[in-house]
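See below for upload.txt, which holds compact mmCIF, C-alpha atoms.
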# COMPACT_ATOMS: atom_id res chain seq x y z
CA MET B 1494 0.00 0.00 0.00
CA LYS B 1495 2.85 2.33 0.86
CA ASN B 1496 4.48 1.67 -2.55
CA LEU B 1497 1.19 2.38 -4.31
CA PHE B 1498 0.86 5.67 -2.48
CA ILE B 1499 4.43 6.68 -3.43
CA SER B 1500 3.81 5.65 -7.05
CA VAL B 1501 0.66 7.77 -7.23
CA ILE B 1502 2.49 10.78 -5.78
CA LEU B 1503 5.34 10.35 -8.26
CA LEU B 1504 2.91 10.12 -11.18
CA LEU B 1505 1.10 13.25 -10.04
CA LEU B 1506 4.38 15.13 -9.72
CA MET B 1507 5.56 13.96 -13.13
CA GLY B 1508 2.26 14.90 -14.72
CA SER B 1509 2.25 18.36 -13.20
CA SER B 1510 5.82 19.02 -14.33
CA CYS B 1511 4.89 18.16 -17.92
CA GLN B 1512 2.26 20.86 -18.17
CA GLU B 1513 3.12 23.45 -20.76
CA LYS B 1514 4.39 26.66 -19.22
CA GLN B 1515 3.49 29.90 -20.89
CA VAL B 1516 6.45 32.16 -21.41
CA VAL B 1517 5.64 35.85 -21.24
CA ASN B 1518 7.64 37.85 -23.77
CA GLN B 1519 8.26 41.54 -22.95
CA ASP B 1520 8.14 42.45 -26.66
CA ASP B 1521 4.62 40.98 -26.89
CA ILE B 1522 3.57 42.84 -23.74
CA ASP B 1523 4.97 46.13 -25.07
CA LYS B 1524 3.33 45.66 -28.45
CA GLN B 1525 -0.07 45.14 -26.85
CA ILE B 1526 0.43 48.16 -24.58
CA ILE B 1527 1.25 50.33 -27.61
CA ILE B 1528 -1.67 48.96 -29.65
CA ASN B 1529 -4.07 49.60 -26.76
CA TYR B 1530 -2.74 53.14 -26.36
CA ILE B 1531 -3.02 54.08 -30.02
CA GLU B 1532 -6.52 52.56 -30.26
CA GLU B 1533 -7.75 54.31 -27.09
CA ASN B 1534 -6.40 57.63 -28.37
CA ASN B 1535 -7.59 57.23 -31.99
CA ILE B 1536 -4.05 57.41 -33.34
CA THR B 1537 -3.23 56.07 -36.77
CA ALA B 1538 0.30 54.72 -36.52
CA GLU B 1539 2.59 52.68 -38.71
CA SER B 1540 4.83 49.96 -37.33
CA THR B 1541 8.10 48.34 -38.21
CA ALA B 1542 9.08 44.68 -37.99
CA SER B 1543 11.06 45.45 -34.82
CA GLY B 1544 7.93 46.63 -32.96
CA LEU B 1545 8.51 50.38 -33.26
CA PHE B 1546 5.30 52.33 -33.89
CA TYR B 1547 5.42 55.83 -35.35
CA VAL B 1548 3.38 58.70 -36.72
CA ILE B 1549 4.98 61.09 -39.19
CA LYS B 1550 3.41 64.43 -38.25
CA GLU B 1551 5.33 66.33 -40.89
CA SER B 1552 7.45 64.81 -43.62
CA GLY B 1553 10.94 66.15 -43.90
CA ASN B 1554 12.90 66.57 -47.08
CA GLU B 1555 14.48 63.78 -49.12
CA ARG B 1556 17.58 63.64 -46.90
CA HIS B 1557 17.29 60.87 -44.31
CA SER B 1558 19.71 60.26 -41.47
CA SER B 1559 21.50 56.98 -40.93
CA THR B 1560 23.31 55.56 -37.92
CA THR B 1561 26.48 57.25 -39.19
CA SER B 1562 24.77 60.68 -39.16
CA THR B 1563 25.08 63.34 -36.51
CA ILE B 1564 21.60 64.66 -35.82
CA THR B 1565 20.16 67.74 -34.15
CA VAL B 1566 16.68 67.36 -32.67
CA SER B 1567 14.21 69.05 -30.38
CA TYR B 1568 12.25 66.45 -28.49
CA ALA B 1569 9.95 65.66 -25.60
CA GLY B 1570 10.07 62.20 -24.03
CA ARG B 1571 6.96 60.95 -22.26
CA LEU B 1572 5.71 57.70 -20.83
CA LEU B 1573 2.33 56.51 -22.11
CA ASN B 1574 0.67 57.95 -18.99
CA ASN B 1575 1.85 61.33 -20.36
CA GLN B 1576 4.46 61.73 -17.61
CA PRO B 1577 7.45 63.60 -19.09
CA PHE B 1578 10.87 62.11 -18.45
CA ASP B 1579 13.13 64.27 -20.64
CA GLN B 1580 13.13 67.04 -23.19
CA GLY B 1581 15.67 68.99 -25.14
CA SER B 1582 16.03 71.65 -27.78
CA PHE B 1583 18.65 71.51 -30.49
CA PHE B 1584 20.20 68.39 -28.97
CA THR B 1585 23.08 67.18 -31.17
CA SER B 1586 24.53 63.67 -31.12
CA PRO B 1587 25.75 60.92 -33.42
CA LEU B 1588 22.63 58.82 -34.04
CA LYS B 1589 24.61 55.63 -33.34
CA ASN B 1590 25.02 56.78 -29.70
CA LEU B 1591 21.28 56.95 -29.07
CA ILE B 1592 18.70 54.29 -28.26
CA VAL B 1593 17.80 51.85 -31.03
CA GLY B 1594 14.25 53.26 -31.19
CA TRP B 1595 15.69 56.62 -32.28
CA GLN B 1596 18.17 54.96 -34.64
CA GLN B 1597 15.30 53.21 -36.40
CA GLY B 1598 12.65 55.91 -36.11
CA LEU B 1599 14.29 59.24 -36.83
CA PRO B 1600 15.39 58.35 -40.38
CA LEU B 1601 11.75 57.64 -41.29
CA SER B 1602 10.69 61.30 -41.39
CA GLY B 1603 13.57 62.89 -43.28
CA GLU B 1604 15.52 66.01 -42.39
CA GLY B 1605 13.31 68.74 -40.93
CA GLY B 1606 10.43 66.35 -40.27
CA ASN B 1607 8.33 65.83 -37.17
CA ILE B 1608 7.70 62.31 -35.93
CA THR B 1609 6.17 60.68 -32.87
CA LEU B 1610 7.77 57.40 -31.83
CA TYR B 1611 6.15 54.72 -29.66
CA ILE B 1612 9.21 52.76 -28.60
CA PRO B 1613 8.97 49.30 -27.03
CA SER B 1614 11.28 48.77 -24.09
CA SER B 1615 13.60 46.48 -26.06
CA LEU B 1616 14.41 49.41 -28.38
CA GLY B 1617 14.78 51.81 -25.45
CA TYR B 1618 16.32 51.01 -22.08
CA GLY B 1619 14.96 47.47 -21.73
CA ASP B 1620 14.67 46.06 -18.26
CA LEU B 1621 16.88 48.76 -16.75
CA ALA B 1622 15.38 51.73 -14.92
CA THR B 1623 17.06 54.90 -16.20
CA GLY B 1624 16.41 58.25 -14.54
CA ASN B 1625 12.65 58.81 -14.54
CA ILE B 1626 12.07 55.88 -16.87
CA PRO B 1627 11.01 52.68 -15.07
CA ALA B 1628 12.29 49.31 -16.26
CA ASN B 1629 10.38 47.79 -19.22
CA SER B 1630 8.75 51.12 -20.09
CA VAL B 1631 7.28 51.93 -23.46

Encoding of this model in structure tokens:
Amino acid sequence: MKNLFISVILLLLMGSSCQEKQVVNQDDIDKQIIINYIEENNITAESTASGLFYVIKESGNERHSSTTSTITVSYAGRLLNNQPFDQGSFFTSPLKNLIVGWQQGLPLSGEGGNITLYIPSSLGYGDLATGNIPANSV
């Protein structure tokens, strides 16, 4: 009887360990957060294969930056709850030194353009809290 009891316990443990575990992917979470935000705010946005969403407010000229470009931008950074975390006017930097979301997004509008970027955490600061930006923030 004792062996039967132990066998039943072992079978139950083996069966429970074979259940499929769902892995939560931060990129999927971020994508859904961005989609919900743009739908709730009636925003028509484009997206890239990397998960970056964007709205070109004003097209720039035919010159587009690349990661080897030095750019000058005026910007306002906000979390999706509209909390500002940074802003700057006439900020100049090599594009390759900035977050991947900017590297991918800024060239889309062309020189002199105006673009809004909805950057998933993997293209920003990822799972690291930086200044006023919490970890895994869009």

Mind dumping a table of every region 1551-1598 of chain B residue within 10 Å of region 1602-1624 of chain B, with the nearest atom pair and its distance in Å to one decimal, using only C-alpha atoms, sorted by chain and rising number, as a tab-separated table?
residue	atom	partner	partner_atom	distance
B:Glu1551	CA	B:Asn1607	CA	4.8
B:Ser1552	CA	B:Gly1606	CA	4.7
B:Gly1553	CA	B:Gly1606	CA	3.7
B:Asn1554	CA	B:Gly1603	CA	5.3
B:Glu1555	CA	B:Gly1603	CA	6.0
B:Arg1556	CA	B:Gly1603	CA	5.5
B:His1557	CA	B:Gly1603	CA	4.4
B:Ser1558	CA	B:Gly1603	CA	6.9
B:Ile1564	CA	B:Glu1604	CA	9.1
B:Thr1565	CA	B:Glu1604	CA	9.6
B:Val1566	CA	B:Gly1605	CA	9.0
B:Ser1567	CA	B:Asn1607	CA	9.5
B:Tyr1568	CA	B:Thr1609	CA	9.5
B:Ala1569	CA	B:Thr1609	CA	9.6
B:Gly1570	CA	B:Leu1610	CA	9.4
B:Arg1571	CA	B:Tyr1611	CA	9.7
B:Leu1572	CA	B:Tyr1611	CA	9.3
B:Leu1573	CA	B:Tyr1611	CA	8.6
B:Phe1578	CA	B:Gly1624	CA	7.8
B:Asp1579	CA	B:Gly1624	CA	9.2
B:Leu1591	CA	B:Gly1617	CA	9.0
B:Ile1592	CA	B:Gly1617	CA	5.4
B:Val1593	CA	B:Leu1616	CA	4.9
B:Gly1594	CA	B:Leu1616	CA	4.8
B:Trp1595	CA	B:Leu1610	CA	8.0
B:Gln1596	CA	B:Leu1616	CA	9.2
B:Gln1597	CA	B:Leu1616	CA	8.9
B:Gly1598	CA	B:Leu1610	CA	6.7

#### Entry: Residues near Ile1536 (chain B), cut-off 12 Å, all atoms listed in the file, skip fewer than 2 positions along chain, as an NGL selection string
:B and (1527-1534 or 1538-1539 or 1546-1550 or 1609-1611)

### Query
When you draw a straight line from CA of Ser1586 (chain B) to CA of Thr1563 (chain B), how long is it in Å?
5.4 Å

### Task
Would you mind telling me which residue in B:Val1631, B:Lys1589, B:Thr1541, B:Asn1574 lies nearest to Leu1601 (chain B) when using all atoms listed in the file?
B:Thr1541

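Straight-line separation from CA of Pro1627 (chain B) to CA of Val1517 (chain B): 18.7 Å.
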
Centre and edges of the region 1591-1594 of chain B box, axis-aligned, 6 Å extra per side, as lines of an AutoDock Vina configuration file:
center_x = 17.8
center_y = 54.4
center_z = -29.7
size_x = 19.0
size_y = 17.1
size_z = 14.9

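Closest to Ile1522 (chain B) among B:Gly1544, B:Pro1587, B:Asn1625, B:Asn1575 is B:Gly1544, based on only C-alpha atoms.
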
### Query
Any idea what the distance is between CA of Asp1523 (chain B) and CA of Ser1630 (chain B)?
8.0 Å
